[in-house]
Each structure stands twice: as C-alpha cells, then as structure tokens.
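*Asks:* Just dropping this structure here.
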Protein chains: 2
Amino acid sequence: MAQHSYPPDPDVMPLGPRQRALLAVLQEANAELSGQELHERLRQGSQRHGLATVYRNLRLLQRSGLVRCRKLPNGESVYAPLERDDHHLTCVSCGHSEPLPICPVATGGLGLSKVLLQGFKPLFHTFEIHGLCLSCQQSEPLSHG
Amino acid sequence: MAQHSYPPDPDVMPLGPRQRALLAVLQEANAELSGQELHERLRQGSQRHGLATVYRNLRLLQRSGLVRCRKLPNGESVYAPLERDDHHLTCVSCGHSEPLPICPVATGGLGLSKVLLQGFKPLFHTFEIHGLCLSCQQSEPLSHG
DNA sequence: GCTAAAACGAGAACCATTCTCAGCATATGG
DNA sequence: CCATATGCTGAGAATGGTTCTCGTTTTAGC
Ligand SMILES: [Mn+2]
Ligand SMILES: [Mn+2]
Ligand SMILES: [Zn+2]
Ligand SMILES: [Zn+2]
C-alpha cells in the first residue's frame, strides 16, 4: 500500500491558499456563484482579496479541472465545483435560468469515441434547454424595447 | 385545401425586412456568426444598418424561435438558425471552440416529462464539452498571466 | 396627405472581465 | 542574516461586446 496519504500526481499542482479559499466557498455554496459574488464572500473574511486575483484563480482552477463555469445570458459567468452535474432551463426572453434536475446526456461516462475528441481532454459538460418561461409566454407576444 | 399559401399562424408574427435579411445571412453562412459579424455583412449591402437594430432583431428572432444563440468564453454571442443542431468542444484554457459532429443528447425529440418543464416552452438546446485542447495540454502546465 | 405608432441609426453608457504595475511574500544560496 | 530573483497580489484603469438614449425616418391607418 502507498506510504503517502497524498501520492504525488504530476497532473495536479498544489493549490495556493487563495485557491483553496475559493474552492471552499464554492463547495459550501448550494448554487453557482458569480465572480463578483465570490469576491464579496471572500472579503467578508479577515484577509484582503482583490477582484483580479479572484478571476485569475478561477481561471487556474478551471484549467486544473477543479471548477466549472457557464455564462448566463446577461454576460455574467457563474462557477461551481467540477463534480456538480447540474443543467438548466434558460429563458431566451428574460434570461431567468433555473436548475433542471436531470442529466439528459447519453454520454454518462463519455461514450464519445476517441476519434471524435481528437486529443481533446474533456473535463465537464454543459447542457441547457433554451426557451420561454411561463411568465414570458403570458406577456405580450413580442415588441421592440 | 387551404386557399392561402401562408395560412395565418397565431404564434408567428410577420417578420420585418430587417429580420428577414438577418435570417438570410445566418442561413447562407456555414458557421455561427457574432452580432458584429452579422452587422458587417449586412452593411455590405445597399441599405444602412445600425448595430443596435441588429441586436434588437436578433433578440426578437430568438424569442420567435427562429434563431439560436450561445456565448463563447470570450463573451461574444454567436447566432445560427434554430434548426441547426450543432454542439461543441470548448477549451477552458484558450477558449477555442470547435464543432462536435454529434448530438449526444438522449432527449432527441424531448423525452423530458412535462412535469420537469413546468410550463417552460423549449425552443432549442445547447450541449458543450469543456476541457483542454491538444495544444493547451502540451503548453506549460499552469501559470498566472 | 396627415397623424400616431413603430422601427431605426449613431453614439453614449454600461458593466463584467482583463490588464497594468508597484508592492509584498517567499525561496535560495552565499 | 542579506541580496536578489521570482511569483502572487490588490487597486484602479482599460477593454469591448452589448444595451440604452433619443432624435429621425419609416410604416400603417384613416
Ligand atoms: Mn450532465
Ligand atoms: Mn442536439
Ligand atoms: Zn422568461
Ligand atoms: Zn486550448
């Protein structure tokens, strides 16, 4: 059996304290958080936190395969731990996005043939159904702003 | 048999000339186009075209269920006719996004039970695999910018 | 035609994200 | 210790795609 509790993994680089803090906030949260929300929660604590560092480390965590991200219709990016496999219904009219409690993707464990991936290393997937929410269907059909 | 070649459909509102032009450009194109690219192609023609109108009409076409949209990692939105069912591999490191020539979604014709949709009217879906492209895997593992 | 309503274009405003850069922390090794 | 190199950080400026504002133009109804 292994002698170390954390056998060295060449693919994984040790996380800095800022990155661990980010990950902790994401894991405690029960929903996706935006960069700004993360920044706000982090600066509740004792240390100083800059917004640039939040975004820098979110990018690094994403590249390391620890954090996932998707873009809302309003342009914000929202983040969650990689292991969460949530999907969403998103309204093309008002932008409201709510969880869809199933994963309708056939490739549960990635049945994708390697030839299709062509060397691409998958980390996570996003699936989203876009359409009209109930309240937007009931509003006036269409009009310019 | 029907007397009109275009029987009135209460769900579909007649498109204006600007909207028809937008749709035509999208259908001629063999790839998704950004708002700015659409604007540029439209102003090649004879009439004047404003950027605001391009975005206004893209929103209307999307609400009418004629155009789909997704956001690239760099923040741009790209548009295509609704009937195209393309999906993508997107690199979390460099942002490059390339077509994935299959639709791995189990809900081909939407096997989603109505109870899950709760009145939501689906128009299209997006499916994307996020990970590391080959060239980003080969670059230096990680570092701040 | 004439008038009200709708659509439009140009440019300003918006705002989430990224960039810049000087200061701080850490490592190293002499 | 001290010198120095390297990397990380925070504040604020810059960026850039999209949306808003508003005066003008087009359209639709009479
Ligand atoms: Mn899934
Ligand atoms: Mn599909
Ligand atoms: Zn809605
Ligand atoms: Zn890449």
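Each chain in the structure tokens gets a letter, A, B, ..., in the order shown, and its residues are numbered from 1; ligands are numbered from 1 in order too.
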Using only C-alpha atoms (C1' of nucleotides), determine which residues lie at most 7 Å from stretch 27-37 of chain B, disregarding the query and same-chain residues fewer than 4 positions distant; provide the list as a ChimeraX atom specification.

*Replies:* /B:23,41,54-55,76-81

*Asks:* Can you pull out every residue within 12 Å of B:Arg84, counting only C-alpha atoms (C1' of nucleotides), but drop anything in the same chain fewer than 6 positions away, and send it as a VMD selection string?

*Replies:* chain B and resid 26 to 27 29 to 32 66 to 69 99 101 to 103 123 to 126

*Asks:* Taking only C-alpha atoms (C1' of nucleotides) and all ligand atoms and a cut-off of 12 Å, can you tell me which residues surround ligand 3, written as a list in words?

*Replies:*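 Based on only C-alpha atoms (C1' of nucleotides) and all ligand atoms, ligand 3 is surrounded within 12 Å by Pro73, Leu89, Thr90, Cys91, Val92, Ser93, Cys94, Gly95, His96, Ser97, Glu98, His130, Gly131, Leu132, Cys133, Leu134, Ser135, Cys136, Gln137, Gln138, Ser139, Glu140 and Pro141 of chain A; Arg63, Gly119, Phe120, Lys121 and Pro122 of chain B.
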
*Asks:* Need the shell around B:Leu100: protein/DNA/RNA residues with any atom at most 9 Å away, counting only C-alpha atoms (C1' of nucleotides). Skip same-chain ones fewer than 3 positions apart. Format as number ranges by chain?

*Replies:* A: 116-117; B: 86-89, 103, 128-129

*Asks:* Could you please select, counting only C-alpha atoms (C1' of nucleotides), the residues of chain C within 12 Å of chain B and state them as JSON, numbers by chain?

*Replies:* {"C": [6, 7, 8, 9, 10, 11, 16, 17, 18, 19, 20]}

*Asks:* I'd like the contact shell of D:DT6 - 12 Å cut-off, only C-alpha atoms (C1' of nucleotides), skipping same-chain residues fewer than 4 positions apart - returned as a ChimeraX atom specification.

*Replies:* /C:25-28

*Asks:* From the options A:Ala21, A:Leu38, A:Leu72, A:Val105, which residue's atoms come nearest to chain B, counting only C-alpha atoms?

*Replies:* A:Val105

*Asks:* Contacts from chain D to chain A, 9 Å maximum, only C-alpha atoms (C1' of nucleotides): show me the residue list as a list in words.

*Replies:*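 Here they are: DC8, DT9, DG10 and DA11 of chain D.
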
*Asks:* Name the residues of stretch 18-134 of chain B that fall into strand (DSSP E or B) according to DSSP on the backbone, using the chain letters and numbers of this document, as a PyMOL selection string.

*Replies:* chain B and resi 33-34+67-71+77-81+87-91+97-100+105+121-132

*Asks:* One decimal, Å: what's the distance from atom C1' of C:DA22 over to atom C1' of D:DG12, could you say?

*Replies:* 12.0 Å

*Asks:* Given the choices B:Pro14, B:Arg56, B:Lys114, B:Leu82, which gets closest to chain A if the distance is worked out from only C-alpha atoms?

*Replies:*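 Ranking B:Pro14, B:Arg56, B:Lys114, B:Leu82 by distance to chain A, first place goes to B:Arg56.
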
*Asks:* Using atom C1' of D:DC2 and atom C1' of C:DG23 as the two end points, give the distance in Å to one decimal.

*Replies:*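 Answer for the atom C1' of D:DC2 to atom C1' of C:DG23 separation: 19.6 Å.
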
*Asks:* What separation in Å, quoted to one decimal, exists between atom C1' of C:DA4 and atom C1' of D:DT24?

*Replies:*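 Atom-to-atom, atom C1' of C:DA4 to atom C1' of D:DT24, that is 15.2 Å.
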
*Asks:* Please report, as a VMD selection string, each residue of chain B to which DSSP assigns helix (DSSP H, G or I) when run on this structure's backbone.

*Replies:* chain B and resid 17 to 28 35 to 44 51 to 63 114 to 117 134 to 138

*Asks:* If you keep N, CA and C atoms, can you produce a file of those selected residues as a tab-separated table (two decimals), in the first residue's frame?

*Replies:*
```tsv
chain	number	residue	atom	x	y	z
B	17	PRO	N	-38.48	43.46	-42.80
B	17	PRO	CA	-37.42	43.25	-43.79
B	17	PRO	C	-36.05	43.10	-43.14
B	18	ARG	N	-35.78	43.84	-42.07
B	18	ARG	CA	-34.50	43.69	-41.39
B	18	ARG	C	-34.34	42.30	-40.81
B	19	GLN	N	-35.43	41.78	-40.25
B	19	GLN	CA	-35.35	40.45	-39.66
B	19	GLN	C	-35.15	39.39	-40.74
B	20	ARG	N	-35.84	39.55	-41.87
B	20	ARG	CA	-35.65	38.59	-42.97
B	20	ARG	C	-34.21	38.64	-43.46
B	21	ALA	N	-33.65	39.83	-43.53
B	21	ALA	CA	-32.26	39.95	-44.00
B	21	ALA	C	-31.30	39.24	-43.04
B	22	LEU	N	-31.52	39.46	-41.75
B	22	LEU	CA	-30.69	38.79	-40.75
B	22	LEU	C	-30.74	37.28	-40.91
B	23	LEU	N	-31.96	36.79	-41.01
B	23	LEU	CA	-32.15	35.35	-41.11
B	23	LEU	C	-31.48	34.79	-42.36
B	24	ALA	N	-31.58	35.55	-43.45
B	24	ALA	CA	-30.97	35.10	-44.70
B	24	ALA	C	-29.46	34.99	-44.56
B	25	VAL	N	-28.84	35.99	-43.95
B	25	VAL	CA	-27.39	35.94	-43.77
B	25	VAL	C	-27.00	34.74	-42.92
B	26	LEU	N	-27.76	34.51	-41.86
B	26	LEU	CA	-27.44	33.37	-41.00
B	26	LEU	C	-27.58	32.06	-41.74
B	27	GLN	N	-28.59	31.97	-42.59
B	27	GLN	CA	-28.80	30.70	-43.29
B	27	GLN	C	-27.77	30.46	-44.37
B	28	GLU	N	-27.31	31.54	-45.01
B	28	GLU	CA	-26.26	31.39	-46.01
B	28	GLU	C	-24.94	30.99	-45.37
B	35	GLY	N	-22.78	38.97	-33.46
B	35	GLY	CA	-23.57	40.15	-33.77
B	35	GLY	C	-22.78	41.12	-34.66
B	36	GLN	N	-21.53	41.29	-34.33
B	36	GLN	CA	-20.71	42.23	-35.09
B	36	GLN	C	-20.46	41.73	-36.51
B	37	GLU	N	-20.22	40.41	-36.63
B	37	GLU	CA	-20.03	39.86	-37.97
B	37	GLU	C	-21.29	40.02	-38.81
B	38	LEU	N	-22.45	39.78	-38.20
B	38	LEU	CA	-23.70	39.99	-38.91
B	38	LEU	C	-23.84	41.43	-39.36
B	39	HIS	N	-23.54	42.34	-38.44
B	39	HIS	CA	-23.64	43.76	-38.77
B	39	HIS	C	-22.76	44.10	-39.96
B	40	GLU	N	-21.55	43.57	-39.94
B	40	GLU	CA	-20.61	43.86	-41.01
B	40	GLU	C	-21.13	43.33	-42.35
B	41	ARG	N	-21.64	42.10	-42.33
B	41	ARG	CA	-22.13	41.52	-43.60
B	41	ARG	C	-23.34	42.28	-44.11
B	42	LEU	N	-24.19	42.73	-43.19
B	42	LEU	CA	-25.41	43.43	-43.63
B	42	LEU	C	-25.08	44.77	-44.26
B	43	ARG	N	-24.08	45.44	-43.73
B	43	ARG	CA	-23.79	46.77	-44.27
B	43	ARG	C	-22.98	46.69	-45.56
B	44	GLN	N	-22.59	45.48	-45.97
B	44	GLN	CA	-22.06	45.30	-47.33
B	44	GLN	C	-23.13	45.66	-48.35
B	51	LEU	N	-25.98	48.89	-35.63
B	51	LEU	CA	-25.64	47.76	-34.78
B	51	LEU	C	-26.76	47.48	-33.77
B	52	ALA	N	-27.34	48.55	-33.23
B	52	ALA	CA	-28.40	48.36	-32.24
B	52	ALA	C	-29.56	47.57	-32.83
B	53	THR	N	-29.89	47.86	-34.07
B	53	THR	CA	-31.00	47.15	-34.71
B	53	THR	C	-30.67	45.69	-34.92
B	54	VAL	N	-29.43	45.42	-35.27
B	54	VAL	CA	-29.02	44.02	-35.42
B	54	VAL	C	-29.28	43.27	-34.12
B	55	TYR	N	-28.84	43.83	-33.00
B	55	TYR	CA	-29.03	43.14	-31.73
B	55	TYR	C	-30.50	43.09	-31.34
B	56	ARG	N	-31.22	44.18	-31.56
B	56	ARG	CA	-32.66	44.18	-31.28
B	56	ARG	C	-33.34	43.04	-32.01
B	57	ASN	N	-33.08	42.91	-33.30
B	57	ASN	CA	-33.78	41.91	-34.09
B	57	ASN	C	-33.29	40.50	-33.80
B	58	LEU	N	-32.04	40.38	-33.42
B	58	LEU	CA	-31.57	39.05	-33.01
B	58	LEU	C	-32.34	38.59	-31.78
B	59	ARG	N	-32.61	39.53	-30.86
B	59	ARG	CA	-33.37	39.16	-29.68
B	59	ARG	C	-34.79	38.73	-30.06
B	60	LEU	N	-35.39	39.50	-30.97
B	60	LEU	CA	-36.75	39.16	-31.38
B	60	LEU	C	-36.80	37.82	-32.10
B	61	LEU	N	-35.84	37.59	-32.98
B	61	LEU	CA	-35.82	36.32	-33.71
B	61	LEU	C	-35.62	35.16	-32.75
B	62	GLN	N	-34.86	35.40	-31.72
B	62	GLN	CA	-34.63	34.34	-30.76
B	62	GLN	C	-35.92	34.04	-29.99
B	63	ARG	N	-36.61	35.12	-29.58
B	63	ARG	CA	-37.87	34.92	-28.88
B	63	ARG	C	-38.91	34.24	-29.77
B	114	LYS	N	-43.31	16.45	-18.95
B	114	LYS	CA	-43.84	17.81	-18.84
B	114	LYS	C	-43.72	18.33	-17.41
B	115	VAL	N	-43.77	17.43	-16.44
B	115	VAL	CA	-43.70	17.87	-15.05
B	115	VAL	C	-42.37	18.55	-14.77
B	116	LEU	N	-41.30	18.09	-15.42
B	116	LEU	CA	-40.00	18.73	-15.20
B	116	LEU	C	-39.96	20.11	-15.84
B	117	LEU	N	-40.62	20.25	-16.97
B	117	LEU	CA	-40.55	21.53	-17.66
B	117	LEU	C	-41.44	22.58	-17.00
B	134	LEU	N	-5.68	20.01	-27.50
B	134	LEU	CA	-4.39	19.34	-27.57
B	134	LEU	C	-3.24	20.32	-27.33
B	135	SER	N	-3.29	21.47	-28.00
B	135	SER	CA	-2.13	22.36	-27.90
B	135	SER	C	-2.02	22.96	-26.51
B	136	CYS	N	-3.16	23.14	-25.81
B	136	CYS	CA	-3.07	23.66	-24.45
B	136	CYS	C	-2.57	22.59	-23.48
B	137	GLN	N	-2.82	21.31	-23.78
B	137	GLN	CA	-2.27	20.25	-22.94
B	137	GLN	C	-0.75	20.22	-23.06
B	138	GLN	N	-0.26	20.56	-24.24
B	138	GLN	CA	1.18	20.47	-24.46
B	138	GLN	C	1.92	21.69	-23.95
```
